[in-house]
Amino acid sequence: MERREEQPGAAGAGAAPALDFTVENVEKALHQLYYDPNIENKNLAQKWLMQAQVSPQAWHFSWQLLQPDKVPEIQYFGASALHIKISRYWSDIPTDQYESLKAQLFTQITHFASGSKIVLTRLCVALASLALSMMPDAWPCAVADMVRLFQAEDSPVDGQGRCLALLELLTVLPEEFQTSRLPQYRKGLVRASLAVECGAVFPLLEQLLQQPSSPSCVRQKVLKCFSSWVQLEVPLQDCEALIQAAFAALQDSELFDSSVEAIVNAISQPDAQRYVNTLLKLIPLVLGLQDQLRQAVQNGDMETSHGICRIAVALGENHSRALLDQVEHWQSFLALVNMIMFCTGIPGHYPVNETTSSLTLTFWYTLQDDILSFEAEKQAVYQQVYRPVYFQLVDVLLHKAQFPSDEEYGFWSSDEKEQFRIYRVDISDTLMYVYEMLGAELLSNLYDKLGRLLTSSEEPYSWQHTEALLYGFQSIAETIDVNYSDVVPGLIGLIPRISISNVQLADTVMFTIGALSEWLADHPVMINSVLPLVLHALGNPELSVSSVSTLKKICRECKYDLPPYAANIVAVSQDVLMKQIHKTSQCMWLMQALGFLLSALQVEEILKNLHSLISPYIQQLEKLAEEIPNPSNKLAIVHILGLLSNLFTTLDVSHHEDDHEGPELRKLPVPQGPNPVVVVLQQVFQLIQKVLSKWLNDAQVVEAVCAIFEKSVKTLLDDFAPMVPQLCEMLGRMYSTIPQASALDLTRQLVHIFAHEPAHFPPIEALFLLVTSITLTLFQQGPRDHPDIVDSFMQLLAQALKRKPDLFLCERLDVKAVFQCAVLALKFPEAPTVKASCGFFTELLPRCGEVEPVGKVVQEDGRMLLVAVLEAIGGQASRSLMDCFADVLFALNKHCFSLLTMWIKEALQPPGFPSARLSPEQKDTFSQQILRERVNKRRVKEMVKEFTLLCRGLHGTDYTADY
């Protein structure tokens, strides 16, 4: 291989002659990488070594680095470099050198069979890569040859060393195939070839596994090798003998893990379900593990119980449909299901004393889906068999969902508590799913158990038991419509009887009430039995999330039935807000809840409540507005502004959200006079301006102010009209002082809702022109530091074109400057900014004909836009953005065809543009393809993707798989 050293090309531009890739230099760099304490030097060494590995000289130095006198780190690098050259630069190797390369690799593997294991593995991977590149034509019986060569008696290496080296080689071969960069058509050929070759591998593996004289390390390796081969989708019947041998090996604790892995991989391959007879033979083997499983559970041996459970679940989950189809074998499959049930209910608390039960949950989904997919007659039979099983499953899951004793729970780490929380969510999802199978009877079943528990006088019940039953109820009620269930009234009646002694139980009671809020809206007479519990819980900081979210649900769902309770709800909420019991996000939710609540009141009632609710905050804000800005009063200001904007998000008296609810809405009072939110906003407008004047430099405060108006505009829509002139004026002042993205986003909202109304057009036009001219000035000063402003600006321009193209007719708008800035924005490294700019052009180009200034600027500067788009496609922009650039090209073609025909030829003329990798023919083909396609946008996207790969030199490589 040495004469390849001078060959160019393999290393690409990186390997310039100045980089002297000699053995000595490679060794120095490796020494630097491993032993130099300076991180800079390490990084430089690593970079240099990566270039060395792909250089043509690697063919030369790799073999020298493998000399026996070198240390393993150096030998390892040599072996890795060989693998990289073979796997990535195969086309550089002349065919007449294949055989010598193969022979050299075999020799090296034999040397290392008794040497360093990590080097041996790398060399095996290199030979595997070589074999995959030569199969099936240049090396038709690769695997059989490997087996034969390593079994030769005249080798200097002892039998066991040779055997382990062969097994390592056979193990990495399928793994290398899975990750190889072979083109698709070659992959199919090589897969077929390997499938035939497993005939040379499996008999050897069986013999080694069953031979009493085989040492443990060999059998371990055999199981790993088998595990690797079954992932090539080997027919399950061909694996039968090895699977049986692996089951036998489960008794050996040293081989247990490898056996489990091999069996699970063999059973789980997608093709296995075709071999029903083999699957049926596996059921008794799995059932035969029950004693070992019980023993492991008794001894607290979590690893063994986990492994056996994985095997049972792999068989049940992957093949339940195929096995259910064998109706005459229903009893053996039912026995397997019961074994999985045992794994679901394995004693102990997850994740502290057991980690196995969670593995089984998806099995229950699969089994249910398969039963419900049968035709009616067969389904009825299986329903009869499996309904009792699923009722038992509910009991088991609710038992597993129970909290441990308070004392035990106190010792759990926060990580264990979080894992247990997630596990309970998985149980909750499973219960919700099981409801499909068991229906209303499941709710009655839970209700009866809860009723017996709460009314029994015989034994004191544990809170854990009550909590789990309620949790089961809540899991179902959260997502299933329980409005027609006859047990909910009884449940609502039971809830006040629960003696709540514990935070977890109280939380679940809250969430259960929240889950039933829609039912309460249909049965308002019952609100009074649970609302006091919720209001009481609001005062407990430990129940913050559950009590606030439940109140919010009740206020949203039942708002038209809450006026009698409104005064009480507002009073309690005000009290907890003033006492600062809740964290910021819960305070915001609470304000949203109050917004829903107030929406249903008479206007004068709303104003009265708003006054008492907001006054303390307004007073606080007035005080803060006088103070000199500092970090703590900034937090207080942002908090108060957040409370107001959350209140205004949901305070909506117009009921346009609820029109679909039907005639009962007619009983509501038609709001008279101005909108209460507008009244309040007008009252506090001066104050907000005062706060702003001191905090204009602070993005957070500006954002919080903009949020109040943005939320209000979104909720009020047309009702917000009286505020438009003052808000436009304020936004103009804000943006003139310090441009910020949030002000542009709010301007966009105003353009979206009000720009097409003649009365509001003047203030909005004035604001639009002002922010545009300020942003254009920003571009002159250098916009790179403000990608967020540029992004919001592009979105604002696109919205203006969409809603009110007249804004572009104004003489004071410099359309040419806007166009040039948008072209500049296309070159930003931030993806959102680039997307927004492309979005602007796709709105602008269709207006060429109807908006004269737009038509003029496109005619004058359109070529500049095309060049920027071609540069981006040529490699300047991320490949993930190609669809956006394709949209711009498509719009150019559709709306400026004659100009594009001229521009694209000129633009692609210069050699090396947009990429040095393109031939003139490829550029010509691309321009013709684009010009032909004026209807199908998807086709243009495909063309752009193809072209960008050519430009980047990635066409036909495995990178194309990213698409």
# chains A, B, ... in the order shown; residues from 1 in each chain; ligands from 1

call {"tool": "residues_around", "arguments": {"residues": "Lys835 in chain A", "least_positions_apart": "6", "cutoff": "10 Å", "atoms": "only C-alpha atoms", "output": "PyMOL selection string"}}
result
chain A and resi 791+794-795+825-826+881-885

call {"tool": "write_last_selection", "arguments": {"atoms": "N, CA, C and O atoms", "output": "short mmCIF file (atom, residue, chain, number, x, y, z; two decimals), in the first residue's frame"}}
result
data_model
loop_
_atom_site.label_atom_id
_atom_site.label_comp_id
_atom_site.auth_asym_id
_atom_site.auth_seq_id
_atom_site.Cartn_x
_atom_site.Cartn_y
_atom_site.Cartn_z
N ASP A 791 -35.23 40.10 12.82
CA ASP A 791 -36.24 39.05 12.67
C ASP A 791 -37.65 39.65 12.82
O ASP A 791 -38.53 39.48 11.95
N MET A 794 -38.59 41.99 9.90
CA MET A 794 -38.99 41.26 8.68
C MET A 794 -40.43 40.73 8.81
O MET A 794 -41.20 40.77 7.86
N GLN A 795 -40.76 40.24 10.00
CA GLN A 795 -42.12 39.73 10.21
C GLN A 795 -43.15 40.87 10.12
O GLN A 795 -44.25 40.68 9.59
N ALA A 825 -30.30 40.72 5.43
CA ALA A 825 -30.77 39.82 6.50
C ALA A 825 -30.74 38.36 6.06
O ALA A 825 -30.63 37.46 6.90
N LEU A 826 -30.84 38.13 4.74
CA LEU A 826 -30.76 36.75 4.24
C LEU A 826 -29.41 36.11 4.56
O LEU A 826 -29.27 34.90 4.55
N LEU A 881 -32.28 25.36 5.85
CA LEU A 881 -33.06 26.52 5.41
C LEU A 881 -33.38 26.47 3.91
O LEU A 881 -33.97 27.42 3.37
N MET A 882 -32.99 25.38 3.25
CA MET A 882 -33.13 25.36 1.78
C MET A 882 -34.58 25.52 1.31
O MET A 882 -34.84 26.11 0.27
N ASP A 883 -35.53 24.99 2.09
CA ASP A 883 -36.94 25.12 1.68
C ASP A 883 -37.35 26.59 1.61
O ASP A 883 -38.13 26.99 0.74
N CYS A 884 -36.83 27.40 2.55
CA CYS A 884 -37.18 28.84 2.56
C CYS A 884 -36.64 29.52 1.31
O CYS A 884 -37.33 30.34 0.68
N PHE A 885 -35.38 29.20 0.95
CA PHE A 885 -34.80 29.83 -0.25
C PHE A 885 -35.52 29.34 -1.51
O PHE A 885 -35.69 30.09 -2.47
#

call {"tool": "residues_around", "arguments": {"residues": "Ala314 in chain A", "least_positions_apart": "4", "cutoff": "12 Å", "atoms": "only C-alpha atoms", "output": "VMD selection string"}}
result
chain A and resid 260 to 270 272 to 273 279 282 to 283 286 307 to 310 318 to 320 336 to 337 340 359 to 360 362 to 363 366

call {"tool": "write_last_selection", "arguments": {"atoms": "C-alpha atoms", "output": "tab-separated table (two decimals), in the first residue's frame"}}
result
chain	number	residue	atom	x	y	z
A	260	VAL	CA	-30.74	-11.85	27.83
A	261	GLU	CA	-29.40	-9.41	25.22
A	262	ALA	CA	-29.10	-12.16	22.59
A	263	ILE	CA	-32.57	-13.60	23.25
A	264	VAL	CA	-34.26	-10.17	23.30
A	265	ASN	CA	-32.54	-9.12	20.05
A	266	ALA	CA	-33.49	-12.38	18.36
A	267	ILE	CA	-37.15	-12.21	19.45
A	268	SER	CA	-37.51	-8.49	18.69
A	269	GLN	CA	-36.42	-8.44	15.06
A	270	PRO	CA	-39.36	-7.23	12.93
A	272	ALA	CA	-39.69	-12.76	13.56
A	273	GLN	CA	-43.52	-12.73	13.56
A	279	LEU	CA	-42.54	-18.41	18.52
A	282	LEU	CA	-40.38	-20.09	22.75
A	283	ILE	CA	-43.41	-19.68	25.06
A	286	VAL	CA	-40.02	-18.28	28.73
A	307	GLY	CA	-33.55	-9.55	32.57
A	308	ILE	CA	-36.23	-12.25	32.69
A	309	CYS	CA	-38.96	-9.61	32.49
A	310	ARG	CA	-37.28	-8.14	29.38
A	318	ASN	CA	-43.56	-7.93	19.63
A	319	HIS	CA	-45.76	-10.91	18.81
A	320	SER	CA	-49.06	-10.60	20.67
A	336	LEU	CA	-47.33	-15.67	29.35
A	337	VAL	CA	-49.66	-12.69	29.94
A	340	ILE	CA	-45.98	-10.36	32.55
A	359	LEU	CA	-40.86	-2.26	31.29
A	360	THR	CA	-44.25	-3.94	31.01
A	362	THR	CA	-46.33	-0.76	26.70
A	363	PHE	CA	-47.15	-4.48	26.51
A	366	THR	CA	-50.17	-3.54	22.50

call {"tool": "residues_around", "arguments": {"residues": "range 687-702 of chain A", "least_positions_apart": "5", "cutoff": "9 Å", "atoms": "only C-alpha atoms", "output": "ChimeraX atom specification"}}
result
/A:618,621-622,624-626,628-629,634-635,637-638,641,707,730,734,737-738,740-743

call {"tool": "write_last_selection", "arguments": {"atoms": "N, CA, C and O atoms", "output": "tab-separated table (two decimals), in the first residue's frame"}}
result
chain	number	residue	atom	x	y	z
A	618	ILE	N	-51.60	49.07	41.74
A	618	ILE	CA	-51.39	50.38	41.11
A	618	ILE	C	-50.65	51.29	42.09
A	618	ILE	O	-49.71	51.99	41.74
A	621	LEU	N	-47.15	50.29	42.18
A	621	LEU	CA	-46.47	50.69	40.95
A	621	LEU	C	-46.16	52.19	40.98
A	621	LEU	O	-45.09	52.63	40.54
A	622	GLU	N	-47.10	52.97	41.53
A	622	GLU	CA	-46.87	54.43	41.63
A	622	GLU	C	-45.64	54.71	42.49
A	622	GLU	O	-44.81	55.55	42.18
A	624	LEU	N	-43.17	52.60	43.06
A	624	LEU	CA	-41.97	52.10	42.36
A	624	LEU	C	-41.54	53.06	41.25
A	624	LEU	O	-40.35	53.20	40.97
A	625	ALA	N	-42.53	53.72	40.63
A	625	ALA	CA	-42.21	54.64	39.53
A	625	ALA	C	-41.40	55.84	40.02
A	625	ALA	O	-40.69	56.47	39.25
A	626	GLU	N	-41.55	56.15	41.31
A	626	GLU	CA	-40.81	57.29	41.87
A	626	GLU	C	-39.37	56.91	42.22
A	626	GLU	O	-38.50	57.76	42.33
A	628	ILE	N	-35.52	55.26	42.37
A	628	ILE	CA	-34.40	55.16	41.41
A	628	ILE	C	-34.29	53.69	40.99
A	628	ILE	O	-34.32	52.80	41.85
A	629	PRO	N	-34.18	53.43	39.68
A	629	PRO	CA	-34.13	52.03	39.24
A	629	PRO	C	-33.03	51.22	39.92
A	629	PRO	O	-31.89	51.67	40.01
A	634	LYS	N	-36.98	46.50	40.03
A	634	LYS	CA	-37.27	46.03	38.66
A	634	LYS	C	-38.08	44.73	38.73
A	634	LYS	O	-39.07	44.55	38.01
A	635	LEU	N	-37.67	43.82	39.60
A	635	LEU	CA	-38.41	42.54	39.75
A	635	LEU	C	-39.86	42.81	40.12
A	635	LEU	O	-40.78	42.19	39.58
A	637	ILE	N	-41.63	45.49	39.54
A	637	ILE	CA	-42.36	46.11	38.41
A	637	ILE	C	-42.75	45.04	37.39
A	637	ILE	O	-43.90	44.97	36.95
A	638	VAL	N	-41.78	44.18	37.04
A	638	VAL	CA	-42.06	43.14	36.04
A	638	VAL	C	-43.17	42.21	36.56
A	638	VAL	O	-44.05	41.78	35.81
A	641	LEU	N	-46.59	44.09	36.29
A	641	LEU	CA	-47.01	44.18	34.89
A	641	LEU	C	-47.46	42.79	34.38
A	641	LEU	O	-48.40	42.67	33.61
A	707	ALA	N	-46.16	43.29	26.63
A	707	ALA	CA	-47.00	42.09	26.84
A	707	ALA	C	-48.40	42.48	27.30
A	707	ALA	O	-49.40	41.89	26.87
A	730	MET	N	-47.13	55.93	22.03
A	730	MET	CA	-46.21	55.43	23.04
A	730	MET	C	-45.17	54.49	22.42
A	730	MET	O	-43.97	54.56	22.72
A	734	MET	N	-41.14	54.79	22.48
A	734	MET	CA	-40.30	53.71	23.00
A	734	MET	C	-39.25	53.30	21.98
A	734	MET	O	-38.06	53.18	22.28
A	737	THR	N	-36.42	55.78	21.29
A	737	THR	CA	-35.39	55.89	22.33
A	737	THR	C	-34.43	54.71	22.26
A	737	THR	O	-33.23	54.87	22.16
A	738	ILE	N	-35.01	53.50	22.34
A	738	ILE	CA	-34.17	52.29	22.23
A	738	ILE	C	-34.96	51.24	21.46
A	738	ILE	O	-35.98	50.74	21.95
A	740	GLN	N	-36.39	47.90	20.32
A	740	GLN	CA	-36.44	46.55	20.88
A	740	GLN	C	-37.46	45.71	20.12
A	740	GLN	O	-38.48	46.22	19.66
A	741	ALA	N	-37.14	44.41	20.04
A	741	ALA	CA	-37.97	43.51	19.23
A	741	ALA	C	-39.42	43.47	19.73
A	741	ALA	O	-40.36	43.39	18.93
A	742	SER	N	-39.62	43.54	21.06
A	742	SER	CA	-40.99	43.40	21.58
A	742	SER	C	-41.90	44.53	21.08
A	742	SER	O	-43.09	44.33	20.85
A	743	ALA	N	-41.32	45.73	20.87
A	743	ALA	CA	-42.13	46.84	20.36
A	743	ALA	C	-42.54	46.58	18.91
A	743	ALA	O	-43.66	46.90	18.49

call {"tool": "residues_around", "arguments": {"residues": "Pro762 in chain A", "least_positions_apart": "5", "cutoff": "12 Å", "atoms": "only C-alpha atoms", "output": "mmCIF file with C-alpha atoms, in the first residue's frame"}}
result
data_model
loop_
_atom_site.group_PDB
_atom_site.id
_atom_site.type_symbol
_atom_site.label_atom_id
_atom_site.label_comp_id
_atom_site.auth_asym_id
_atom_site.auth_seq_id
_atom_site.Cartn_x
_atom_site.Cartn_y
_atom_site.Cartn_z
ATOM 1 C CA VAL A 724 -54.962 52.616 19.281
ATOM 2 C CA PRO A 725 -53.857 56.302 18.903
ATOM 3 C CA CYS A 728 -49.139 53.984 18.602
ATOM 4 C CA GLU A 729 -47.742 57.199 20.028
ATOM 5 C CA VAL A 751 -51.102 46.243 11.857
ATOM 6 C CA PHE A 754 -56.424 47.562 12.774
ATOM 7 C CA ALA A 755 -54.471 48.603 9.655
ATOM 8 C CA HIS A 756 -57.319 47.887 7.230
ATOM 9 C CA GLU A 757 -59.760 50.122 9.161
ATOM 10 C CA LEU A 767 -45.976 54.272 13.606
ATOM 11 C CA PHE A 768 -45.054 51.896 10.753
ATOM 12 C CA LEU A 769 -43.063 54.601 8.964
ATOM 13 C CA ASP A 806 -51.040 50.374 0.880
ATOM 14 C CA LEU A 807 -48.416 50.945 3.569
ATOM 15 C CA CYS A 810 -46.397 55.880 1.039
#

call {"tool": "atom_distance", "arguments": {"atom1": "CA of Leu323 in chain A", "atom2": "CA of Gln244 in chain A"}}
result
19.2 Å

call {"tool": "residues_around", "arguments": {"residues": "range 484-495 of chain A", "least_positions_apart": "3", "cutoff": "8 Å", "atoms": "only C-alpha atoms", "output": "JSON list (two decimals) with N, CA and C atoms, in the first residue's frame"}}
result
[["chain", "number", "residue", "atom", "x", "y", "z"],
["A", 440, "ALA", "N", -67.36, 2.07, 31.27],
["A", 440, "ALA", "CA", -67.94, 2.67, 32.48],
["A", 440, "ALA", "C", -67.79, 1.76, 33.71],
["A", 443, "LEU", "N", -65.02, 2.80, 36.01],
["A", 443, "LEU", "CA", -65.28, 3.90, 36.94],
["A", 443, "LEU", "C", -66.12, 3.42, 38.13],
["A", 444, "SER", "N", -67.13, 2.58, 37.85],
["A", 444, "SER", "CA", -67.96, 2.05, 38.96],
["A", 444, "SER", "C", -67.10, 1.26, 39.92],
["A", 447, "TYR", "N", -65.10, 3.60, 42.00],
["A", 447, "TYR", "CA", -66.00, 4.32, 42.93],
["A", 447, "TYR", "C", -66.41, 3.41, 44.09],
["A", 451, "GLY", "N", -65.67, 4.14, 47.92],
["A", 451, "GLY", "CA", -66.81, 4.26, 48.85],
["A", 451, "GLY", "C", -66.63, 3.33, 50.04],
["A", 454, "LEU", "N", -63.89, 4.63, 52.36],
["A", 454, "LEU", "CA", -64.19, 5.83, 53.15],
["A", 454, "LEU", "C", -65.31, 5.62, 54.15],
["A", 481, "ASP", "N", -64.42, 11.86, 28.43],
["A", 481, "ASP", "CA", -65.61, 12.62, 28.78],
["A", 481, "ASP", "C", -66.45, 11.82, 29.78],
["A", 498, "ILE", "N", -63.23, 12.95, 52.67],
["A", 498, "ILE", "CA", -61.84, 12.45, 52.78],
["A", 498, "ILE", "C", -61.12, 13.30, 53.83],
["A", 509, "VAL", "N", -56.56, 15.23, 45.41],
["A", 509, "VAL", "CA", -57.96, 15.68, 45.56],
["A", 509, "VAL", "C", -58.17, 16.91, 44.68],
["A", 526, "MET", "N", -73.54, 21.26, 42.13],
["A", 526, "MET", "CA", -72.52, 20.56, 42.94],
["A", 526, "MET", "C", -71.27, 21.43, 43.21],
["A", 529, "SER", "N", -70.15, 22.03, 46.76],
["A", 529, "SER", "CA", -69.57, 21.01, 47.66],
["A", 529, "SER", "C", -68.05, 20.92, 47.53],
["A", 530, "VAL", "N", -67.47, 21.43, 46.41],
["A", 530, "VAL", "CA", -66.01, 21.29, 46.28],
["A", 530, "VAL", "C", -65.27, 22.64, 46.28]]

call {"tool": "closest_residue", "arguments": {"among": "A:Ser773, A:Ser645, A:Ser880, A:Gln928", "to": "Glu830 in chain A", "atoms": "only C-alpha atoms"}}
result
A:Ser880

call {"tool": "residues_around", "arguments": {"residues": "range 905-910 of chain A", "least_positions_apart": "6", "cutoff": "12 Å", "atoms": "only C-alpha atoms", "output": "mmCIF file with N, CA, C and O atoms, in the first residue's frame"}}
result
data_model
loop_
_atom_site.group_PDB
_atom_site.id
_atom_site.type_symbol
_atom_site.label_atom_id
_atom_site.label_comp_id
_atom_site.auth_asym_id
_atom_site.auth_seq_id
_atom_site.Cartn_x
_atom_site.Cartn_y
_atom_site.Cartn_z
ATOM 1 N N GLY A 862 -33.724 43.231 -8.108
ATOM 2 C CA GLY A 862 -34.080 41.808 -8.005
ATOM 3 C C GLY A 862 -32.904 40.891 -8.236
ATOM 4 O O GLY A 862 -32.786 39.833 -7.613
ATOM 5 N N ARG A 863 -31.982 41.333 -9.115
ATOM 6 C CA ARG A 863 -30.825 40.471 -9.411
ATOM 7 C C ARG A 863 -29.965 40.281 -8.149
ATOM 8 O O ARG A 863 -29.413 39.210 -7.891
ATOM 9 N N MET A 864 -29.886 41.358 -7.337
ATOM 10 C CA MET A 864 -29.125 41.283 -6.082
ATOM 11 C C MET A 864 -29.740 40.209 -5.163
ATOM 12 O O MET A 864 -29.037 39.443 -4.512
ATOM 13 N N LEU A 865 -31.079 40.172 -5.138
ATOM 14 C CA LEU A 865 -31.780 39.169 -4.322
ATOM 15 C C LEU A 865 -31.450 37.766 -4.842
ATOM 16 O O LEU A 865 -31.123 36.865 -4.065
ATOM 17 N N LEU A 866 -31.501 37.583 -6.164
ATOM 18 C CA LEU A 866 -31.238 36.262 -6.740
ATOM 19 C C LEU A 866 -29.826 35.798 -6.392
ATOM 20 O O LEU A 866 -29.614 34.645 -5.995
ATOM 21 N N VAL A 867 -28.861 36.717 -6.506
ATOM 22 C CA VAL A 867 -27.465 36.357 -6.206
ATOM 23 C C VAL A 867 -27.345 35.913 -4.741
ATOM 24 O O VAL A 867 -26.696 34.917 -4.422
ATOM 25 N N ALA A 868 -28.006 36.649 -3.842
ATOM 26 C CA ALA A 868 -27.952 36.283 -2.406
ATOM 27 C C ALA A 868 -28.558 34.900 -2.183
ATOM 28 O O ALA A 868 -28.033 34.092 -1.407
ATOM 29 N N VAL A 869 -29.664 34.618 -2.869
ATOM 30 C CA VAL A 869 -30.318 33.302 -2.717
ATOM 31 C C VAL A 869 -29.404 32.205 -3.253
ATOM 32 O O VAL A 869 -29.231 31.150 -2.627
ATOM 33 N N LEU A 870 -28.777 32.449 -4.413
ATOM 34 C CA LEU A 870 -27.879 31.433 -4.997
ATOM 35 C C LEU A 870 -26.651 31.214 -4.114
ATOM 36 O O LEU A 870 -26.191 30.080 -3.942
ATOM 37 N N GLU A 871 -26.138 32.310 -3.523
ATOM 38 C CA GLU A 871 -24.999 32.158 -2.592
ATOM 39 C C GLU A 871 -25.375 31.257 -1.423
ATOM 40 O O GLU A 871 -24.611 30.391 -1.006
ATOM 41 N N GLY A 874 -25.624 27.833 -2.531
ATOM 42 C CA GLY A 874 -24.271 27.358 -2.877
ATOM 43 C C GLY A 874 -23.445 26.935 -1.687
ATOM 44 O O GLY A 874 -22.360 26.386 -1.841
ATOM 45 N N SER A 898 -39.805 36.849 -16.715
ATOM 46 C CA SER A 898 -38.927 37.336 -17.799
ATOM 47 C C SER A 898 -37.617 37.898 -17.226
ATOM 48 O O SER A 898 -36.546 37.713 -17.793
ATOM 49 N N LEU A 899 -37.731 38.556 -16.066
ATOM 50 C CA LEU A 899 -36.521 39.096 -15.434
ATOM 51 C C LEU A 899 -35.622 37.957 -14.944
ATOM 52 O O LEU A 899 -34.402 37.981 -15.127
ATOM 53 N N ALA A 916 -17.319 26.216 -6.298
ATOM 54 C CA ALA A 916 -16.234 25.789 -7.195
ATOM 55 C C ALA A 916 -16.439 24.353 -7.672
ATOM 56 O O ALA A 916 -15.798 23.896 -8.613
ATOM 57 N N LEU A 918 -19.061 23.068 -9.084
ATOM 58 C CA LEU A 918 -20.067 22.895 -10.142
ATOM 59 C C LEU A 918 -19.456 23.033 -11.535
ATOM 60 O O LEU A 918 -18.629 23.906 -11.773
ATOM 61 N N SER A 919 -19.928 22.199 -12.455
ATOM 62 C CA SER A 919 -19.543 22.361 -13.861
ATOM 63 C C SER A 919 -20.554 23.303 -14.521
ATOM 64 O O SER A 919 -21.694 23.437 -14.046
ATOM 65 N N PRO A 920 -20.178 23.954 -15.642
ATOM 66 C CA PRO A 920 -21.132 24.820 -16.347
ATOM 67 C C PRO A 920 -22.413 24.059 -16.728
ATOM 68 O O PRO A 920 -23.512 24.616 -16.668
ATOM 69 N N GLU A 921 -22.263 22.759 -17.054
ATOM 70 C CA GLU A 921 -23.445 21.970 -17.455
ATOM 71 C C GLU A 921 -24.419 21.848 -16.273
ATOM 72 O O GLU A 921 -25.633 21.967 -16.431
ATOM 73 N N GLN A 922 -23.866 21.576 -15.088
ATOM 74 C CA GLN A 922 -24.738 21.427 -13.906
ATOM 75 C C GLN A 922 -25.490 22.717 -13.617
ATOM 76 O O GLN A 922 -26.672 22.706 -13.271
ATOM 77 N N LYS A 923 -24.798 23.864 -13.790
ATOM 78 C CA LYS A 923 -25.457 25.162 -13.541
ATOM 79 C C LYS A 923 -26.565 25.394 -14.570
ATOM 80 O O LYS A 923 -27.652 25.853 -14.241
ATOM 81 N N ASP A 924 -26.234 25.026 -15.794
ATOM 82 C CA ASP A 924 -27.191 25.208 -16.883
ATOM 83 C C ASP A 924 -28.449 24.360 -16.646
ATOM 84 O O ASP A 924 -29.582 24.837 -16.770
ATOM 85 N N THR A 925 -28.219 23.096 -16.282
ATOM 86 C CA THR A 925 -29.353 22.189 -15.999
ATOM 87 C C THR A 925 -30.239 22.775 -14.904
ATOM 88 O O THR A 925 -31.466 22.805 -15.010
ATOM 89 N N PHE A 926 -29.587 23.264 -13.820
ATOM 90 C CA PHE A 926 -30.349 23.809 -12.690
ATOM 91 C C PHE A 926 -31.214 24.987 -13.136
ATOM 92 O O PHE A 926 -32.400 25.054 -12.830
ATOM 93 N N SER A 927 -30.604 25.931 -13.893
ATOM 94 C CA SER A 927 -31.392 27.124 -14.267
ATOM 95 C C SER A 927 -32.556 26.725 -15.172
ATOM 96 O O SER A 927 -33.667 27.246 -15.043
ATOM 97 N N GLN A 928 -32.319 25.750 -16.066
ATOM 98 C CA GLN A 928 -33.434 25.314 -16.945
ATOM 99 C C GLN A 928 -34.550 24.660 -16.130
ATOM 100 O O GLN A 928 -35.733 24.915 -16.349
ATOM 101 N N ILE A 930 -35.337 25.135 -12.983
ATOM 102 C CA ILE A 930 -36.067 26.134 -12.187
ATOM 103 C C ILE A 930 -37.041 26.908 -13.077
ATOM 104 O O ILE A 930 -38.215 27.092 -12.744
ATOM 105 N N LEU A 931 -36.557 27.365 -14.240
ATOM 106 C CA LEU A 931 -37.395 28.201 -15.108
ATOM 107 C C LEU A 931 -38.594 27.429 -15.648
ATOM 108 O O LEU A 931 -39.631 28.010 -15.956
#

call {"tool": "closest_residue", "arguments": {"among": "A:Ser712, A:Ser100, A:Asn41, A:Ser915", "to": "Gln749 in chain A", "atoms": "only C-alpha atoms"}}
result
A:Ser712

call {"tool": "closest_atom_pairs", "arguments": {"of": "range 574-656 of chain A", "to": "range 531-555 of chain A", "cutoff": "12 Å", "atoms": "only C-alpha atoms", "output": "Markdown table"}}
result
| residue | atom | partner | partner_atom | distance |
| --- | --- | --- | --- | --- |
| A:Gln574 | CA | A:Leu538 | CA | 10.8 |
| A:Asp575 | CA | A:Gly539 | CA | 8.6 |
| A:Val576 | CA | A:Gly539 | CA | 6.1 |
| A:Leu577 | CA | A:Gly539 | CA | 9.6 |
| A:Met578 | CA | A:Gly539 | CA | 11.2 |
| A:Lys579 | CA | A:Gly539 | CA | 9.2 |
| A:Gln580 | CA | A:Pro541 | CA | 9.4 |
| A:Ile581 | CA | A:Pro541 | CA | 5.6 |
| A:His582 | CA | A:Pro541 | CA | 6.1 |
| A:Lys583 | CA | A:Ser544 | CA | 8.0 |
| A:Thr584 | CA | A:Ser544 | CA | 10.8 |
| A:Ser585 | CA | A:Val545 | CA | 9.1 |
| A:Gln586 | CA | A:Val548 | CA | 6.4 |
| A:Cys587 | CA | A:Val548 | CA | 8.3 |
| A:Met588 | CA | A:Val548 | CA | 9.6 |
| A:Trp589 | CA | A:Val548 | CA | 6.7 |
| A:Leu590 | CA | A:Val548 | CA | 6.0 |
| A:Met591 | CA | A:Lys552 | CA | 8.7 |
| A:Gln592 | CA | A:Lys552 | CA | 6.9 |
| A:Ala593 | CA | A:Lys552 | CA | 4.2 |
| A:Leu594 | CA | A:Cys555 | CA | 7.2 |
| A:Gly595 | CA | A:Cys555 | CA | 8.5 |
| A:Phe596 | CA | A:Cys555 | CA | 5.6 |
| A:Leu597 | CA | A:Cys555 | CA | 5.2 |
| A:Leu598 | CA | A:Cys555 | CA | 9.0 |
| A:Ser599 | CA | A:Cys555 | CA | 9.7 |
| A:Ala600 | CA | A:Cys555 | CA | 9.7 |
| A:Leu647 | CA | A:Lys552 | CA | 11.7 |
| A:Thr650 | CA | A:Cys555 | CA | 10.4 |
| A:Leu651 | CA | A:Cys555 | CA | 11.2 |
